[in-house]
file protein_26.cif (mmCIF, C-alpha atoms, pLDDT in the B column; chains and numbers go by the auth columns)
data_upload
#
loop_
_atom_site.group_PDB
_atom_site.id
_atom_site.type_symbol
_atom_site.label_atom_id
_atom_site.label_comp_id
_atom_site.label_asym_id
_atom_site.label_seq_id
_atom_site.Cartn_x
_atom_site.Cartn_y
_atom_site.Cartn_z
_atom_site.B_iso_or_equiv
_atom_site.auth_seq_id
_atom_site.auth_asym_id
ATOM 1 C CA MET A 1 26.399 19.362 -5.359 52.00 177 A
ATOM 2 C CA ALA A 2 24.062 22.186 -4.254 57.00 178 A
ATOM 3 C CA GLU A 3 20.482 21.056 -4.156 78.00 179 A
ATOM 4 C CA GLY A 4 17.830 23.718 -4.633 94.00 180 A
ATOM 5 C CA VAL A 5 14.065 23.548 -4.793 96.00 181 A
ATOM 6 C CA LEU A 6 13.193 23.864 -8.472 97.00 182 A
ATOM 7 C CA ARG A 7 9.448 23.556 -8.061 96.00 183 A
ATOM 8 C CA GLU A 8 7.049 23.205 -5.164 97.00 184 A
ATOM 9 C CA VAL A 9 3.371 22.301 -4.998 97.00 185 A
ATOM 10 C CA THR A 10 1.301 21.994 -1.814 98.00 186 A
ATOM 11 C CA LEU A 11 -2.081 20.335 -1.488 98.00 187 A
ATOM 12 C CA ALA A 12 -4.371 20.903 1.482 97.00 188 A
ATOM 13 C CA LEU A 13 -6.575 17.844 1.656 97.00 189 A
ATOM 14 C CA PRO A 14 -9.577 17.273 3.900 96.00 190 A
ATOM 15 C CA MET A 15 -9.333 14.153 6.036 95.00 191 A
ATOM 16 C CA VAL A 16 -11.959 12.150 4.195 93.00 192 A
ATOM 17 C CA PRO A 17 -11.742 8.595 2.904 88.00 193 A
ATOM 18 C CA GLU A 18 -9.703 8.265 -0.285 90.00 194 A
ATOM 19 C CA MET A 19 -8.168 11.734 -0.079 95.00 195 A
ATOM 20 C CA GLU A 20 -4.927 9.757 -0.388 96.00 196 A
ATOM 21 C CA ILE A 21 -5.824 8.993 -3.996 95.00 197 A
ATOM 22 C CA GLU A 22 -5.831 12.705 -4.820 96.00 198 A
ATOM 23 C CA ALA A 23 -2.372 13.060 -3.278 97.00 199 A
ATOM 24 C CA SER A 24 -1.135 10.032 -5.201 97.00 200 A
ATOM 25 C CA LYS A 25 -2.374 11.507 -8.491 97.00 201 A
ATOM 26 C CA THR A 26 -0.399 14.695 -7.887 97.00 202 A
ATOM 27 C CA ALA A 27 2.648 12.636 -6.931 98.00 203 A
ATOM 28 C CA THR A 28 2.345 10.755 -10.203 97.00 204 A
ATOM 29 C CA ALA A 29 2.031 13.923 -12.284 97.00 205 A
ATOM 30 C CA ILE A 30 5.049 15.586 -10.678 97.00 206 A
ATOM 31 C CA ALA A 31 7.184 12.444 -10.823 97.00 207 A
ATOM 32 C CA GLU A 32 6.296 12.018 -14.492 97.00 208 A
ATOM 33 C CA SER A 33 7.272 15.631 -15.135 96.00 209 A
ATOM 34 C CA ILE A 34 10.830 14.859 -14.004 96.00 210 A
ATOM 35 C CA ARG A 35 10.867 11.620 -16.021 96.00 211 A
ATOM 36 C CA MET A 36 11.082 9.266 -13.087 97.00 212 A
ATOM 37 C CA SER A 37 10.723 5.631 -14.180 96.00 213 A
ATOM 38 C CA PRO A 38 7.218 4.125 -13.962 96.00 214 A
ATOM 39 C CA ASP A 39 8.205 1.590 -11.303 96.00 215 A
ATOM 40 C CA ARG A 40 9.735 4.286 -9.120 97.00 216 A
ATOM 41 C CA ILE A 41 6.660 6.473 -9.614 98.00 217 A
ATOM 42 C CA ASP A 42 4.507 3.590 -8.413 97.00 218 A
ATOM 43 C CA GLU A 43 6.642 3.308 -5.292 98.00 219 A
ATOM 44 C CA VAL A 44 6.314 7.038 -4.606 98.00 220 A
ATOM 45 C CA ARG A 45 2.574 6.818 -5.129 97.00 221 A
ATOM 46 C CA MET A 46 2.214 4.002 -2.653 98.00 222 A
ATOM 47 C CA ALA A 47 4.374 5.740 -0.042 98.00 223 A
ATOM 48 C CA VAL A 48 2.242 8.884 -0.372 98.00 224 A
ATOM 49 C CA VAL A 49 -0.903 6.824 0.077 98.00 225 A
ATOM 50 C CA GLU A 50 0.487 5.274 3.258 97.00 226 A
ATOM 51 C CA ALA A 51 1.641 8.586 4.718 98.00 227 A
ATOM 52 C CA CYS A 52 -1.758 10.171 4.068 97.00 228 A
ATOM 53 C CA ILE A 53 -3.589 7.215 5.594 96.00 229 A
ATOM 54 C CA ASN A 54 -1.402 7.422 8.690 94.00 230 A
ATOM 55 C CA ALA A 55 -2.321 11.087 9.067 95.00 231 A
ATOM 56 C CA LEU A 56 -5.990 10.317 8.489 94.00 232 A
ATOM 57 C CA GLU A 57 -6.076 7.471 10.989 90.00 233 A
ATOM 58 C CA HIS A 58 -3.686 8.513 13.722 91.00 234 A
ATOM 59 C CA SER A 59 -3.184 12.277 13.812 93.00 235 A
ATOM 60 C CA HIS A 60 -6.459 13.246 15.541 92.00 236 A
ATOM 61 C CA ALA A 61 -5.928 16.683 14.000 92.00 237 A
ATOM 62 C CA SER A 62 -8.608 19.162 15.006 93.00 238 A
ATOM 63 C CA ASP A 63 -8.403 20.966 11.643 94.00 239 A
ATOM 64 C CA GLN A 64 -9.042 17.670 9.848 95.00 240 A
ATOM 65 C CA GLU A 65 -6.590 18.508 7.095 96.00 241 A
ATOM 66 C CA VAL A 66 -3.451 16.956 5.646 97.00 242 A
ATOM 67 C CA PHE A 67 -0.915 19.104 3.828 98.00 243 A
ATOM 68 C CA VAL A 68 1.144 17.397 1.162 98.00 244 A
ATOM 69 C CA THR A 69 4.080 19.324 -0.305 98.00 245 A
ATOM 70 C CA PHE A 70 5.939 18.084 -3.358 98.00 246 A
ATOM 71 C CA GLN A 71 9.383 19.533 -3.996 98.00 247 A
ATOM 72 C CA VAL A 72 11.476 18.893 -7.069 98.00 248 A
ATOM 73 C CA LEU A 73 15.124 19.211 -6.065 97.00 249 A
ATOM 74 C CA GLY A 74 18.231 19.650 -8.165 96.00 250 A
ATOM 75 C CA GLU A 75 19.965 22.208 -10.276 93.00 251 A
ATOM 76 C CA PRO A 76 18.192 24.226 -12.964 91.00 252 A
ATOM 77 C CA GLY A 77 17.518 21.937 -15.907 88.00 253 A
ATOM 78 C CA ASP A 78 18.553 18.875 -13.935 91.00 254 A
ATOM 79 C CA ALA A 79 15.918 17.591 -11.532 92.00 255 A
ATOM 80 C CA GLU A 80 17.515 15.006 -9.275 94.00 256 A
ATOM 81 C CA LYS A 81 15.086 14.169 -6.569 96.00 257 A
ATOM 82 C CA LEU A 82 11.447 14.334 -5.537 98.00 258 A
ATOM 83 C CA ARG A 83 10.897 15.216 -1.888 98.00 259 A
ATOM 84 C CA ILE A 84 7.455 14.903 -0.356 98.00 260 A
ATOM 85 C CA LEU A 85 6.350 16.256 3.004 98.00 261 A
ATOM 86 C CA VAL A 86 3.108 14.956 4.474 98.00 262 A
ATOM 87 C CA ARG A 87 2.136 17.157 7.388 98.00 263 A
ATOM 88 C CA ASP A 88 -0.699 17.169 9.884 97.00 264 A
ATOM 89 C CA HIS A 89 -1.496 19.323 12.878 97.00 265 A
ATOM 90 C CA GLY A 90 -2.382 16.403 15.080 96.00 266 A
ATOM 91 C CA VAL A 91 -1.266 15.117 18.432 95.00 267 A
ATOM 92 C CA GLY A 92 2.079 13.744 17.284 94.00 268 A
ATOM 93 C CA PHE A 93 3.797 10.551 18.350 93.00 269 A
ATOM 94 C CA SER A 94 7.217 9.217 19.201 91.00 270 A
ATOM 95 C CA PRO A 95 8.566 7.295 16.187 89.00 271 A
ATOM 96 C CA ASP A 96 11.062 5.498 18.431 88.00 272 A
ATOM 97 C CA ASP A 97 8.178 4.003 20.397 89.00 273 A
ATOM 98 C CA VAL A 98 6.604 2.436 17.328 88.00 274 A
ATOM 99 C CA GLU A 99 7.472 -1.240 17.238 87.00 275 A
ATOM 100 C CA GLU A 100 8.467 -2.479 13.806 90.00 276 A
ATOM 101 C CA PRO A 101 5.769 -4.868 12.609 91.00 277 A
ATOM 102 C CA ARG A 102 6.734 -8.447 11.846 91.00 278 A
ATOM 103 C CA ILE A 103 4.576 -10.825 9.899 92.00 279 A
ATOM 104 C CA ASP A 104 5.254 -13.716 12.285 89.00 280 A
ATOM 105 C CA LYS A 105 3.833 -11.599 15.094 87.00 281 A
ATOM 106 C CA LYS A 106 0.797 -10.557 13.065 85.00 282 A
ATOM 107 C CA ILE A 107 -0.299 -13.802 11.484 84.00 283 A
ATOM 108 C CA LEU A 108 -2.006 -16.674 13.301 75.00 284 A
ATOM 109 C CA LEU A 109 -1.926 -14.696 16.530 79.00 285 A
ATOM 110 C CA ASP A 110 -4.618 -12.613 18.141 78.00 286 A
ATOM 111 C CA GLY A 111 -4.201 -8.903 17.795 78.00 287 A
ATOM 112 C CA PRO A 112 -4.285 -6.248 15.120 82.00 288 A
ATOM 113 C CA LYS A 113 -3.016 -7.089 11.664 83.00 289 A
ATOM 114 C CA ARG A 114 -2.384 -3.441 10.889 87.00 290 A
ATOM 115 C CA GLY A 115 0.458 -1.033 11.601 88.00 291 A
ATOM 116 C CA TRP A 116 2.491 -1.474 8.408 94.00 292 A
ATOM 117 C CA GLY A 117 2.465 2.071 7.046 95.00 293 A
ATOM 118 C CA LEU A 118 5.871 3.324 8.214 95.00 294 A
ATOM 119 C CA LYS A 119 7.590 0.066 7.330 96.00 295 A
ATOM 120 C CA ILE A 120 6.192 0.236 3.803 97.00 296 A
ATOM 121 C CA ILE A 121 7.170 3.893 3.409 98.00 297 A
ATOM 122 C CA ARG A 122 10.721 3.180 4.583 97.00 298 A
ATOM 123 C CA GLY A 123 10.958 0.205 2.242 98.00 299 A
ATOM 124 C CA LEU A 124 9.794 2.083 -0.828 98.00 300 A
ATOM 125 C CA MET A 125 11.502 5.474 -0.500 98.00 301 A
ATOM 126 C CA ASP A 126 15.210 6.313 -0.590 98.00 302 A
ATOM 127 C CA GLU A 127 15.157 8.599 2.461 98.00 303 A
ATOM 128 C CA VAL A 128 12.549 8.934 5.203 98.00 304 A
ATOM 129 C CA GLU A 129 12.495 11.213 8.223 97.00 305 A
ATOM 130 C CA ILE A 130 9.693 11.628 10.720 97.00 306 A
ATOM 131 C CA LEU A 131 9.372 14.856 12.626 97.00 307 A
ATOM 132 C CA SER A 132 6.737 14.749 15.302 96.00 308 A
ATOM 133 C CA GLY A 133 5.770 16.805 18.315 94.00 309 A
ATOM 134 C CA VAL A 134 2.872 18.508 19.993 93.00 310 A
ATOM 135 C CA ASP A 135 2.203 20.589 16.869 93.00 311 A
ATOM 136 C CA GLY A 136 1.782 17.565 14.673 96.00 312 A
ATOM 137 C CA THR A 137 3.729 15.252 12.455 97.00 313 A
ATOM 138 C CA THR A 138 5.609 15.677 9.208 98.00 314 A
ATOM 139 C CA VAL A 139 6.802 12.695 7.219 98.00 315 A
ATOM 140 C CA VAL A 140 9.628 13.798 4.926 98.00 316 A
ATOM 141 C CA MET A 141 10.440 11.297 2.217 98.00 317 A
ATOM 142 C CA SER A 142 12.568 11.460 -0.886 98.00 318 A
ATOM 143 C CA LYS A 143 13.257 9.470 -3.994 98.00 319 A
ATOM 144 C CA MET A 144 16.023 10.067 -6.483 97.00 320 A
ATOM 145 C CA ARG A 145 14.865 10.479 -10.062 94.00 321 A
ATOM 146 C CA MET B 1 -13.248 10.569 -5.528 48.00 1218 B
ATOM 147 C CA THR B 2 -14.295 6.953 -4.967 58.00 1219 B
ATOM 148 C CA GLU B 3 -12.064 4.274 -6.442 68.00 1220 B
ATOM 149 C CA SER B 4 -14.161 1.157 -6.202 81.00 1221 B
ATOM 150 C CA LEU B 5 -12.967 -2.410 -6.580 94.00 1222 B
ATOM 151 C CA ASN B 6 -14.629 -4.815 -8.981 96.00 1223 B
ATOM 152 C CA ILE B 7 -14.320 -8.524 -8.383 97.00 1224 B
ATOM 153 C CA THR B 8 -15.012 -11.508 -10.580 98.00 1225 B
ATOM 154 C CA VAL B 9 -14.633 -15.139 -9.597 98.00 1226 B
ATOM 155 C CA ASP B 10 -13.767 -18.095 -11.791 98.00 1227 B
ATOM 156 C CA ARG B 11 -14.509 -21.461 -10.184 97.00 1228 B
ATOM 157 C CA ARG B 12 -12.386 -24.291 -11.527 96.00 1229 B
ATOM 158 C CA GLN B 13 -11.646 -27.861 -10.532 94.00 1230 B
ATOM 159 C CA GLY B 14 -10.175 -27.601 -7.033 94.00 1231 B
ATOM 160 C CA LEU B 15 -9.188 -23.961 -7.419 97.00 1232 B
ATOM 161 C CA ALA B 16 -10.983 -20.638 -7.586 98.00 1233 B
ATOM 162 C CA VAL B 17 -9.490 -17.507 -9.082 98.00 1234 B
ATOM 163 C CA ILE B 18 -10.540 -14.085 -7.824 98.00 1235 B
ATOM 164 C CA TYR B 19 -9.833 -11.268 -10.274 98.00 1236 B
ATOM 165 C CA THR B 20 -9.652 -7.752 -8.912 98.00 1237 B
ATOM 166 C CA GLU B 21 -9.917 -4.492 -10.741 97.00 1238 B
ATOM 167 C CA GLY B 22 -9.301 -1.263 -8.853 96.00 1239 B
ATOM 168 C CA TYR B 23 -7.998 -0.009 -5.532 96.00 1240 B
ATOM 169 C CA ILE B 24 -7.589 -2.467 -2.661 97.00 1241 B
ATOM 170 C CA ASN B 25 -8.298 -0.339 0.395 96.00 1242 B
ATOM 171 C CA ASN B 26 -10.416 -1.295 3.402 94.00 1243 B
ATOM 172 C CA GLN B 27 -13.614 -1.638 1.358 95.00 1244 B
ATOM 173 C CA GLY B 28 -11.781 -3.436 -1.428 96.00 1245 B
ATOM 174 C CA GLY B 29 -10.161 -5.788 1.071 97.00 1246 B
ATOM 175 C CA GLU B 30 -13.558 -6.531 2.614 97.00 1247 B
ATOM 176 C CA GLU B 31 -14.988 -7.309 -0.825 97.00 1248 B
ATOM 177 C CA ILE B 32 -12.173 -9.762 -1.477 98.00 1249 B
ATOM 178 C CA ALA B 33 -12.657 -11.329 1.962 98.00 1250 B
ATOM 179 C CA LYS B 34 -16.375 -11.732 1.343 97.00 1251 B
ATOM 180 C CA ALA B 35 -15.691 -13.484 -1.964 98.00 1252 B
ATOM 181 C CA ALA B 36 -12.947 -15.668 -0.436 98.00 1253 B
ATOM 182 C CA TYR B 37 -15.042 -16.755 2.562 97.00 1254 B
ATOM 183 C CA LYS B 38 -17.943 -17.615 0.260 98.00 1255 B
ATOM 184 C CA LEU B 39 -15.579 -19.829 -1.725 98.00 1256 B
ATOM 185 C CA LEU B 40 -14.422 -21.484 1.508 97.00 1257 B
ATOM 186 C CA ASP B 41 -18.058 -22.182 2.376 97.00 1258 B
ATOM 187 C CA GLU B 42 -18.428 -23.785 -1.047 97.00 1259 B
ATOM 188 C CA GLY B 43 -15.507 -26.077 -0.272 96.00 1260 B
ATOM 189 C CA TYR B 44 -12.665 -24.410 -2.162 97.00 1261 B
ATOM 190 C CA LYS B 45 -9.372 -24.727 -0.281 96.00 1262 B
ATOM 191 C CA ASN B 46 -7.156 -23.199 -2.941 97.00 1263 B
ATOM 192 C CA ILE B 47 -7.746 -19.608 -3.940 98.00 1264 B
ATOM 193 C CA LEU B 48 -5.684 -17.566 -6.349 98.00 1265 B
ATOM 194 C CA LEU B 49 -5.883 -13.788 -6.273 98.00 1266 B
ATOM 195 C CA ASN B 50 -5.100 -12.396 -9.703 98.00 1267 B
ATOM 196 C CA LEU B 51 -4.262 -8.715 -9.153 98.00 1268 B
ATOM 197 C CA ALA B 52 -3.575 -7.843 -12.795 98.00 1269 B
ATOM 198 C CA GLY B 53 -6.296 -5.199 -12.657 97.00 1270 B
ATOM 199 C CA THR B 54 -5.057 -3.616 -9.433 97.00 1271 B
ATOM 200 C CA LYS B 55 -2.393 -0.951 -9.645 94.00 1272 B
ATOM 201 C CA ILE B 56 -2.600 0.325 -6.089 94.00 1273 B
ATOM 202 C CA VAL B 57 -3.233 -1.167 -2.665 96.00 1274 B
ATOM 203 C CA ASN B 58 -2.939 0.235 0.821 96.00 1275 B
ATOM 204 C CA SER B 59 -1.826 -1.342 4.068 95.00 1276 B
ATOM 205 C CA ILE B 60 -5.366 -1.502 5.446 95.00 1277 B
ATOM 206 C CA GLY B 61 -6.446 -3.544 2.440 96.00 1278 B
ATOM 207 C CA ILE B 62 -3.387 -5.757 2.793 96.00 1279 B
ATOM 208 C CA SER B 63 -4.129 -6.332 6.483 95.00 1280 B
ATOM 209 C CA ILE B 64 -7.470 -7.811 5.410 96.00 1281 B
ATOM 210 C CA LEU B 65 -5.604 -10.057 2.977 96.00 1282 B
ATOM 211 C CA ILE B 66 -3.528 -11.229 5.957 95.00 1283 B
ATOM 212 C CA GLU B 67 -6.748 -12.277 7.673 94.00 1284 B
ATOM 213 C CA ILE B 68 -7.698 -14.314 4.605 96.00 1285 B
ATOM 214 C CA ILE B 69 -4.259 -15.957 4.569 95.00 1286 B
ATOM 215 C CA GLU B 70 -4.751 -16.868 8.243 94.00 1287 B
ATOM 216 C CA LYS B 71 -8.109 -18.416 7.502 94.00 1288 B
ATOM 217 C CA MET B 72 -6.646 -20.449 4.642 95.00 1289 B
ATOM 218 C CA ILE B 73 -3.816 -21.726 6.841 93.00 1290 B
ATOM 219 C CA GLU B 74 -6.303 -22.701 9.544 93.00 1291 B
ATOM 220 C CA ILE B 75 -8.221 -24.934 7.113 95.00 1292 B
ATOM 221 C CA ASP B 76 -5.026 -26.295 5.548 95.00 1293 B
ATOM 222 C CA GLY B 77 -5.762 -24.442 2.351 96.00 1294 B
ATOM 223 C CA LYS B 78 -3.716 -22.032 0.311 95.00 1295 B
ATOM 224 C CA LEU B 79 -4.024 -18.461 -0.922 97.00 1296 B
ATOM 225 C CA GLY B 80 -1.729 -17.474 -3.781 98.00 1297 B
ATOM 226 C CA PHE B 81 -1.161 -14.241 -5.670 98.00 1298 B
ATOM 227 C CA CYS B 82 -0.319 -13.634 -9.287 98.00 1299 B
ATOM 228 C CA CYS B 83 0.188 -10.808 -11.769 98.00 1300 B
ATOM 229 C CA LEU B 84 1.282 -8.215 -9.213 98.00 1301 B
ATOM 230 C CA THR B 85 2.784 -4.892 -10.222 97.00 1302 B
ATOM 231 C CA PRO B 86 6.461 -4.678 -9.228 98.00 1303 B
ATOM 232 C CA THR B 87 5.555 -2.213 -6.462 98.00 1304 B
ATOM 233 C CA ILE B 88 2.809 -4.375 -4.986 98.00 1305 B
ATOM 234 C CA GLU B 89 5.121 -7.390 -5.104 98.00 1306 B
ATOM 235 C CA LYS B 90 7.887 -5.377 -3.437 98.00 1307 B
ATOM 236 C CA THR B 91 5.437 -4.256 -0.760 97.00 1308 B
ATOM 237 C CA PHE B 92 4.376 -7.840 -0.067 97.00 1309 B
ATOM 238 C CA HIS B 93 8.045 -8.782 0.308 97.00 1310 B
ATOM 239 C CA ILE B 94 8.694 -5.809 2.627 96.00 1311 B
ATOM 240 C CA MET B 95 5.871 -7.097 4.812 95.00 1312 B
ATOM 241 C CA GLY B 96 6.977 -10.722 4.613 95.00 1313 B
ATOM 242 C CA LEU B 97 3.686 -11.910 3.116 94.00 1314 B
ATOM 243 C CA ALA B 98 5.447 -14.137 0.603 92.00 1315 B
ATOM 244 C CA GLN B 99 6.427 -16.466 3.474 93.00 1316 B
ATOM 245 C CA TYR B 100 2.773 -17.368 3.942 95.00 1317 B
ATOM 246 C CA ALA B 101 1.239 -16.896 0.495 97.00 1318 B
ATOM 247 C CA PRO B 102 3.129 -17.736 -2.700 97.00 1319 B
ATOM 248 C CA ILE B 103 3.510 -15.093 -5.384 98.00 1320 B
ATOM 249 C CA TYR B 104 3.534 -16.184 -9.011 98.00 1321 B
ATOM 250 C CA ALA B 105 4.484 -14.142 -12.036 98.00 1322 B
ATOM 251 C CA ASP B 106 1.514 -15.202 -14.130 98.00 1323 B
ATOM 252 C CA GLU B 107 -1.754 -17.056 -13.840 98.00 1324 B
ATOM 253 C CA ALA B 108 -0.699 -20.123 -15.844 98.00 1325 B
ATOM 254 C CA THR B 109 2.230 -20.735 -13.512 98.00 1326 B
ATOM 255 C CA ALA B 110 0.075 -20.189 -10.454 98.00 1327 B
ATOM 256 C CA VAL B 111 -2.645 -22.559 -11.645 97.00 1328 B
ATOM 257 C CA GLY B 112 -0.017 -25.169 -12.511 96.00 1329 B
ATOM 258 C CA GLN B 113 1.370 -24.978 -8.989 95.00 1330 B
ATOM 259 C CA MET B 114 -1.855 -24.609 -7.031 95.00 1331 B
ATOM 260 C CA GLN B 115 -4.412 -26.782 -8.787 88.00 1332 B
ATOM 261 C CA PRO B 116 -4.596 -30.198 -7.098 85.00 1333 B
#

call {"tool": "encode", "arguments": {"input": "protein_26.cif", "output": "structure tokens"}}
result
Amino acid sequence: MAEGVLREVTLALPMVPEMEIEASKTATAIAESIRMSPDRIDEVRMAVVEACINALEHSHASDQEVFVTFQVLGEPGDAEKLRILVRDHGVGFSPDDVEEPRIDKKILLDGPKRGWGLKIIRGLMDEVEILSGVDGTTVVMSKMR
Amino acid sequence: MTESLNITVDRRQGLAVIYTEGYINNQGGEEIAKAAYKLLDEGYKNILLNLAGTKIVNSIGISILIEIIEKMIEIDGKLGFCCLTPTIEKTFHIMGLAQYAPIYADEATAVGQMQP
């Protein structure tokens, strides 16, 4: 089935603490508009929060901004999917080099307890792709309605 | 823009319940840790975190909860969770937290299991 962009909204958010909450509110509003179930909306909201925090903490973007694009996909009158792109203009990273966190390696051992963001995003969304290079990083994540 | 976290504590026989209301981010996690460590100093070894009033958490806040779980394990105590939203519970399972801190559906069940 052909999948077009029915609606698109982009936020440009300054990298300040709790900007992720603003992104999550927009995610909620758009997901509600396509009648996604409340539990699935919550999952989208949390994934958006994590993607924004990753950009805030790790991108080192000189423009100090995060761009969050929400796309409603489907056919006219039949929204099927919400796709969200969280983009920064930071230094980028190699997703393949990021070790998957494991609780037994985080708990009761010295070392950082953090580093869960991508694992949480992948666990909560239906599709996740990470595009990263010298121009920055874009996390592309989707959830069916 | 600030989404602060409010905490209340209910001290019971052998068990303390921490109630949260609001966003558990880094500041929220630190507030919970402060309350939990104070309870440890008072001699409580069983702490229940009732998250009924929390609809959103982030991984930084959860990483602070991991530190509290560690501390509880070190003193042979227990941290439990109850009243999680389905998404927060799913997130805890994705991270594997449930292996180290039990998750209960409601407070009555949690108290029944955790109170000595």

call {"tool": "resolve_selection", "arguments": {"input": "protein_26.cif", "expression": "the PyMOL selection byres ((chain A) within 9 of (chain B))", "output": "VMD selection string"}}
result
chain A and resid 193 to 195 197 to 198 215 to 216 218 to 219 221 to 222 225 to 226 229 277 to 280 282 to 284 288 to 293 295 to 296 299 to 300

call {"tool": "resolve_selection", "arguments": {"input": "protein_26.cif", "expression": "the PyMOL selection byres ((chain B and resi 1226-1238) around 6)", "output": "number ranges by chain"}}
result
B: 1222-1225, 1239, 1263-1268, 1270-1271, 1332

call {"tool": "atom_distance", "arguments": {"input": "protein_26.cif", "atom1": "CA of Ala188 in chain A", "atom2": "CA of Ala227 in chain A"}}
result
14.1 Å

call {"tool": "residues_around", "arguments": {"input": "protein_26.cif", "residues": "Ala231 in chain A", "least_positions_apart": "4", "cutoff": "9 Å", "atoms": "only C-alpha atoms", "output": "list of chain:residue names"}}
result
A:Met191, A:Glu226, A:Ala227, A:Ser235, A:His236, A:Ala237, A:Glu241, A:Val242, A:Val262, A:Arg263, A:Asp264, A:Gly266, A:Thr313

call {"tool": "resolve_selection", "arguments": {"input": "protein_26.cif", "expression": "the PyMOL selection byres ((chain B and resi 1327) around 10)", "output": "list in words"}}
result
Leu1265, Leu1266, Asn1267, Gly1297, Phe1298, Cys1299, Cys1300, Pro1319, Ile1320, Tyr1321, Ala1322, Asp1323, Glu1324, Ala1325, Thr1326, Val1328, Gly1329, Gln1330, Met1331 and Gln1332 of chain B

call {"tool": "residues_around", "arguments": {"input": "protein_26.cif", "residues": "Lys1262 in chain B", "least_positions_apart": "6", "cutoff": "9 Å", "atoms": "all atoms listed in the file", "output": "PyMOL selection string"}}
result
chain B and resi 1231-1233+1256+1289+1292-1296

call {"tool": "write_last_selection", "arguments": {"input": "protein_26.cif", "atoms": "C-alpha atoms", "output": "compact mmCIF listing (two decimals), keeping the file's coordinate frame"}}
result
# COMPACT_ATOMS: atom_id res chain seq x y z
CA GLY B 1231 -10.18 -27.60 -7.03
CA LEU B 1232 -9.19 -23.96 -7.42
CA ALA B 1233 -10.98 -20.64 -7.59
CA LEU B 1256 -15.58 -19.83 -1.72
CA MET B 1289 -6.65 -20.45 4.64
CA ILE B 1292 -8.22 -24.93 7.11
CA ASP B 1293 -5.03 -26.30 5.55
CA GLY B 1294 -5.76 -24.44 2.35
CA LYS B 1295 -3.72 -22.03 0.31
CA LEU B 1296 -4.02 -18.46 -0.92

call {"tool": "atom_distance", "arguments": {"input": "protein_26.cif", "atom1": "CA of Val185 in chain A", "atom2": "CA of Ser308 in chain A"}}
result
21.9 Å

call {"tool": "atom_distance", "arguments": {"input": "protein_26.cif", "atom1": "CA of Glu276 in chain A", "atom2": "CA of Ile1241 in chain B"}}
result
23.0 Å

call {"tool": "residues_around", "arguments": {"input": "protein_26.cif", "residues": "Val220 in chain A", "least_positions_apart": "2", "cutoff": "12 Å", "atoms": "all atoms listed in the file", "output": "number ranges by chain"}}
result
A: 199-208, 212-218, 222-227, 246, 257-261, 296-304, 317-321; B: 1273, 1304-1305, 1308

call {"tool": "axis_aligned_box", "arguments": {"input": "protein_26.cif", "around": "range 207-218 of chain A", "padding_each_side": "4 Å", "output": "JSON"}}
result
{"center_x": 7.8, "center_y": 8.6, "center_z": -12.2, "size_x": 14.6, "size_y": 22.0, "size_z": 15.6}

call {"tool": "build_atoms", "arguments": {"input": "protein_26.cif", "residues": "range 1240-1251 of chain B", "atoms": "N, CA and C atoms", "output": "CSV table (one decimal), in the frame of the given file"}}
result
chain,number,residue,atom,x,y,z
B,1240,TYR,N,-8.8,-0.3,-6.7
B,1240,TYR,CA,-8.0,0.0,-5.5
B,1240,TYR,C,-8.3,-1.0,-4.4
B,1241,ILE,N,-7.3,-1.6,-3.8
B,1241,ILE,CA,-7.6,-2.5,-2.7
B,1241,ILE,C,-7.3,-1.7,-1.4
B,1242,ASN,N,-8.4,-1.1,-0.9
B,1242,ASN,CA,-8.3,-0.3,0.4
B,1242,ASN,C,-9.1,-1.1,1.4
B,1243,ASN,N,-9.6,-0.5,2.4
B,1243,ASN,CA,-10.4,-1.3,3.4
B,1243,ASN,C,-11.7,-1.9,2.8
B,1244,GLN,N,-12.4,-1.1,2.0
B,1244,GLN,CA,-13.6,-1.6,1.4
B,1244,GLN,C,-13.3,-2.7,0.3
B,1245,GLY,N,-12.2,-2.5,-0.4
B,1245,GLY,CA,-11.8,-3.4,-1.4
B,1245,GLY,C,-11.3,-4.7,-0.8
B,1246,GLY,N,-10.6,-4.6,0.3
B,1246,GLY,CA,-10.2,-5.8,1.1
B,1246,GLY,C,-11.4,-6.6,1.6
B,1247,GLU,N,-12.4,-5.8,2.1
B,1247,GLU,CA,-13.6,-6.5,2.6
B,1247,GLU,C,-14.3,-7.3,1.5
B,1248,GLU,N,-14.3,-6.7,0.3
B,1248,GLU,CA,-15.0,-7.3,-0.8
B,1248,GLU,C,-14.3,-8.6,-1.2
B,1249,ILE,N,-12.9,-8.6,-1.2
B,1249,ILE,CA,-12.2,-9.8,-1.5
B,1249,ILE,C,-12.4,-10.8,-0.4
B,1250,ALA,N,-12.4,-10.4,0.9
B,1250,ALA,CA,-12.7,-11.3,2.0
B,1250,ALA,C,-14.0,-12.0,1.8
B,1251,LYS,N,-15.0,-11.2,1.5
B,1251,LYS,CA,-16.4,-11.7,1.3
B,1251,LYS,C,-16.4,-12.8,0.3
